[in-house]
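Source file: data28.txt. Holds: compact mmCIF, C-alpha atoms.
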# COMPACT_ATOMS: atom_id res chain seq x y z
CA MET A 14 -61.57 -53.11 6.64
CA ASN A 15 -57.94 -51.98 6.82
CA PRO A 16 -55.16 -54.18 5.43
CA PRO A 17 -52.83 -55.72 8.01
CA GLU A 18 -49.79 -53.64 8.82
CA LEU A 19 -46.62 -55.02 7.33
CA PRO A 20 -43.58 -55.33 9.56
CA SER A 21 -40.76 -52.94 8.82
CA LEU A 22 -37.88 -54.59 7.02
CA SER A 23 -34.34 -54.34 8.30
CA LYS A 24 -31.49 -53.33 6.02
CA SER A 25 -30.14 -56.90 6.02
CA VAL A 26 -33.51 -58.29 4.90
CA LEU A 27 -33.74 -55.65 2.15
CA ALA A 28 -30.18 -56.46 1.08
CA GLY A 29 -31.17 -60.13 0.87
CA TYR A 30 -34.17 -59.28 -1.32
CA THR A 31 -31.98 -57.10 -3.55
CA GLU A 32 -29.43 -59.91 -3.92
CA ALA A 33 -32.20 -62.38 -4.74
CA ILE A 34 -33.53 -60.05 -7.45
CA VAL A 35 -30.06 -59.69 -8.96
CA LEU A 36 -29.53 -63.46 -8.88
CA HIS A 37 -32.95 -64.00 -10.45
CA LYS A 38 -32.08 -61.56 -13.24
CA GLU A 39 -28.75 -63.35 -13.80
CA TRP A 40 -30.59 -66.68 -13.88
CA LEU A 41 -32.91 -65.35 -16.59
CA MET A 42 -30.07 -63.77 -18.53
CA ALA A 43 -27.40 -66.46 -17.90
CA VAL A 44 -24.33 -64.41 -17.00
CA VAL A 45 -21.26 -66.53 -17.75
CA ARG A 46 -18.43 -65.91 -15.28
CA ALA A 47 -14.71 -66.63 -15.30
CA GLU A 48 -13.85 -69.86 -13.51
CA MET A 49 -10.26 -68.79 -12.86
CA ALA A 50 -8.02 -65.74 -13.01
CA GLY A 51 -6.09 -65.08 -16.18
CA LYS A 52 -5.62 -62.92 -19.27
CA VAL A 53 -8.24 -62.89 -22.02
CA LEU A 54 -6.44 -64.06 -25.16
CA GLU A 55 -9.39 -64.08 -27.53
CA VAL A 56 -13.06 -63.13 -27.53
CA CYS A 57 -14.77 -65.64 -29.83
CA VAL A 58 -18.24 -64.04 -29.95
CA ALA A 59 -19.86 -60.65 -30.43
CA GLU A 60 -23.09 -59.13 -29.20
CA GLY A 61 -26.01 -60.53 -31.20
CA ASP A 62 -24.31 -63.84 -32.03
CA VAL A 63 -26.36 -67.00 -31.56
CA VAL A 64 -24.31 -69.62 -29.71
CA GLY A 65 -24.76 -73.30 -29.04
CA GLU A 66 -24.15 -75.20 -25.84
CA ASP A 67 -20.39 -75.66 -25.17
CA GLN A 68 -19.44 -73.21 -27.94
CA ASP A 69 -16.28 -71.26 -27.03
CA LEU A 70 -17.04 -67.75 -25.81
CA ILE A 71 -13.53 -66.65 -24.85
CA ILE A 72 -10.06 -68.11 -24.42
CA ILE A 73 -8.23 -67.34 -21.16
CA GLU A 74 -4.51 -67.80 -20.59
CA SER A 75 -3.76 -68.98 -17.07
CA MET A 76 -0.58 -70.66 -15.83
CA LYS A 77 0.74 -70.71 -19.44
CA MET A 78 -2.28 -72.75 -20.58
CA GLN A 79 -5.02 -71.68 -22.97
CA ILE A 80 -8.41 -72.44 -21.43
CA PRO A 81 -11.62 -72.05 -23.44
CA VAL A 82 -14.73 -70.87 -21.62
CA GLY A 83 -17.78 -72.45 -23.23
CA SER A 84 -21.41 -71.48 -23.28
CA PRO A 85 -23.49 -73.32 -20.65
CA GLU A 86 -26.51 -73.30 -22.96
CA GLU A 87 -27.85 -72.19 -26.31
CA GLY A 88 -28.71 -68.51 -26.52
CA THR A 89 -28.01 -65.10 -27.96
CA VAL A 90 -25.06 -63.02 -26.75
CA LYS A 91 -26.60 -59.93 -25.14
CA LYS A 92 -23.39 -58.38 -23.80
CA VAL A 93 -19.66 -59.08 -23.83
CA PHE A 94 -17.94 -57.77 -20.69
CA VAL A 95 -14.30 -58.44 -21.63
CA VAL A 96 -11.76 -57.53 -24.33
CA PRO A 97 -8.51 -59.19 -25.42
CA ASP A 98 -5.53 -58.60 -23.08
CA GLN A 99 -7.86 -57.82 -20.15
CA PHE A 100 -7.10 -59.58 -16.86
CA VAL A 101 -10.09 -61.32 -15.27
CA ASN A 102 -10.49 -62.72 -11.77
CA ASP A 103 -12.38 -65.81 -10.74
CA GLY A 104 -16.08 -64.90 -10.80
CA ASP A 105 -15.83 -61.86 -13.08
CA PRO A 106 -18.67 -61.62 -15.63
CA ILE A 107 -17.60 -62.54 -19.16
CA VAL A 108 -20.69 -62.78 -21.35
CA GLU A 109 -24.43 -62.33 -20.83
CA LEU A 110 -26.70 -64.70 -22.74
CA GLY A 111 -30.41 -64.24 -23.26

Please lay out the structure from this file as structure tokens.
Amino acid sequence: MNPPELPSLSKSVLAGYTEAIVLHKEWLMAVVRAEMAGKVLEVCVAEGDVVGEDQDLIIIESMKMQIPVGSPEEGTVKKVFVVPDQFVNDGDPIVELG
């Protein structure tokens, strides 16, 4: 008995699957993103650090205010994507937790 033939997938369907895989990976790894544009004043963590929920990860300066970006959950810092004096836009990745 032959297996049923699968329908060919369009590029848009494949792109949707690829996006879902990326989002799933981010969900597993908890990529923290900037919530607003601004300059990174301070990076408060390093790769390998264990952080608690709401612990400051970075401090952003935006509109002459210092805004801490906290950890959404407990975890270990797998990667830090930013450095002091770097400009970030809304949605840019800041830290990856695992």

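Across the structure, CA of Gly61 in chain A and CA of Gly104 in chain A are spaced 23.1 Å apart.
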
Q: Go through A:Val90, A:Val108, A:Ile73, A:Val96 and flag the residue nearest Met49 in chain A, using only C-alpha atoms for the distances.
A: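 Nearest candidate to Met49 in chain A out of A:Val90, A:Val108, A:Ile73, A:Val96: A:Ile73.
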
(Q) Please return as a ChimeraX atom specification every residue within 12 Å of (-9.1, -63.6, -26.5), taking into account only C-alpha atoms and the file's own coordinates. (A) /A:51-59,69-74,79-82,93,95-101,107

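For the pair CA of Thr89 in chain A and CA of Val45 in chain A, the separation is 12.3 Å.
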
(Q) Would you compute the distance between CA of Ser84 in chain A and CA of Asp103 in chain A? Give it in Å to one decimal. (A) 16.5 Å

(Q) Using all atoms listed in the file, which protein or nucleic acid residues come within 8 Å of Gly65 in chain A? Drop anything in the same chain fewer than 3 positions from it, and give the result as number ranges by chain. (A) A: 68, 84, 86-88

Based on the selection just made, write C-alpha atoms of those residues as a compact mmCIF listing (two decimals), in the coordinates of the input.
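As written to disk, selection.txt reads:
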# COMPACT_ATOMS: atom_id res chain seq x y z
CA GLN A 68 -19.44 -73.21 -27.94
CA SER A 84 -21.41 -71.48 -23.28
CA GLU A 86 -26.51 -73.30 -22.96
CA GLU A 87 -27.85 -72.19 -26.31
CA GLY A 88 -28.71 -68.51 -26.52

Q. With distances taken over all atoms listed in the file, which of A:Lys92, A:Glu66, A:Ser75, A:Gly111 is nearest to Ala47 in chain A?
A.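 The answer is A:Ser75, which sits nearest to Ala47 in chain A.
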
Kindly complete range 90-101 of chain A to N, CA and C atoms; the output should be written as an mmCIF file, in the coordinates of the input.
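Below you can see part.cif, which holds the result:
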data_model
loop_
_atom_site.group_PDB
_atom_site.id
_atom_site.type_symbol
_atom_site.label_atom_id
_atom_site.label_comp_id
_atom_site.auth_asym_id
_atom_site.auth_seq_id
_atom_site.Cartn_x
_atom_site.Cartn_y
_atom_site.Cartn_z
ATOM 1 N N VAL A 90 -25.981 -63.852 -27.535
ATOM 2 C CA VAL A 90 -25.060 -63.020 -26.750
ATOM 3 C C VAL A 90 -25.675 -61.625 -26.635
ATOM 4 N N LYS A 91 -26.016 -61.246 -25.397
ATOM 5 C CA LYS A 91 -26.600 -59.930 -25.140
ATOM 6 C C LYS A 91 -25.528 -58.889 -24.851
ATOM 7 N N LYS A 92 -24.454 -59.317 -24.167
ATOM 8 C CA LYS A 92 -23.390 -58.380 -23.800
ATOM 9 C C LYS A 92 -22.096 -59.138 -23.598
ATOM 10 N N VAL A 93 -20.999 -58.544 -24.061
ATOM 11 C CA VAL A 93 -19.660 -59.080 -23.830
ATOM 12 C C VAL A 93 -18.965 -58.107 -22.882
ATOM 13 N N PHE A 94 -18.511 -58.617 -21.733
ATOM 14 C CA PHE A 94 -17.940 -57.770 -20.690
ATOM 15 C C PHE A 94 -16.420 -57.638 -20.767
ATOM 16 N N VAL A 95 -15.765 -58.413 -21.620
ATOM 17 C CA VAL A 95 -14.300 -58.440 -21.630
ATOM 18 C C VAL A 95 -13.756 -58.125 -23.027
ATOM 19 N N VAL A 96 -12.475 -57.778 -23.078
ATOM 20 C CA VAL A 96 -11.760 -57.530 -24.330
ATOM 21 C C VAL A 96 -10.432 -58.263 -24.275
ATOM 22 N N PRO A 97 -9.819 -58.531 -25.428
ATOM 23 C CA PRO A 97 -8.510 -59.190 -25.420
ATOM 24 C C PRO A 97 -7.487 -58.396 -24.591
ATOM 25 N N ASP A 98 -6.602 -59.127 -23.941
ATOM 26 C CA ASP A 98 -5.530 -58.600 -23.080
ATOM 27 C C ASP A 98 -6.023 -58.099 -21.727
ATOM 28 N N GLN A 99 -7.317 -58.209 -21.456
ATOM 29 C CA GLN A 99 -7.860 -57.820 -20.150
ATOM 30 C C GLN A 99 -7.605 -58.943 -19.155
ATOM 31 N N PHE A 100 -7.261 -58.590 -17.920
ATOM 32 C CA PHE A 100 -7.100 -59.580 -16.860
ATOM 33 C C PHE A 100 -8.454 -59.763 -16.183
ATOM 34 N N VAL A 101 -8.849 -61.022 -15.979
ATOM 35 C CA VAL A 101 -10.090 -61.320 -15.270
ATOM 36 C C VAL A 101 -9.779 -62.133 -14.021
#
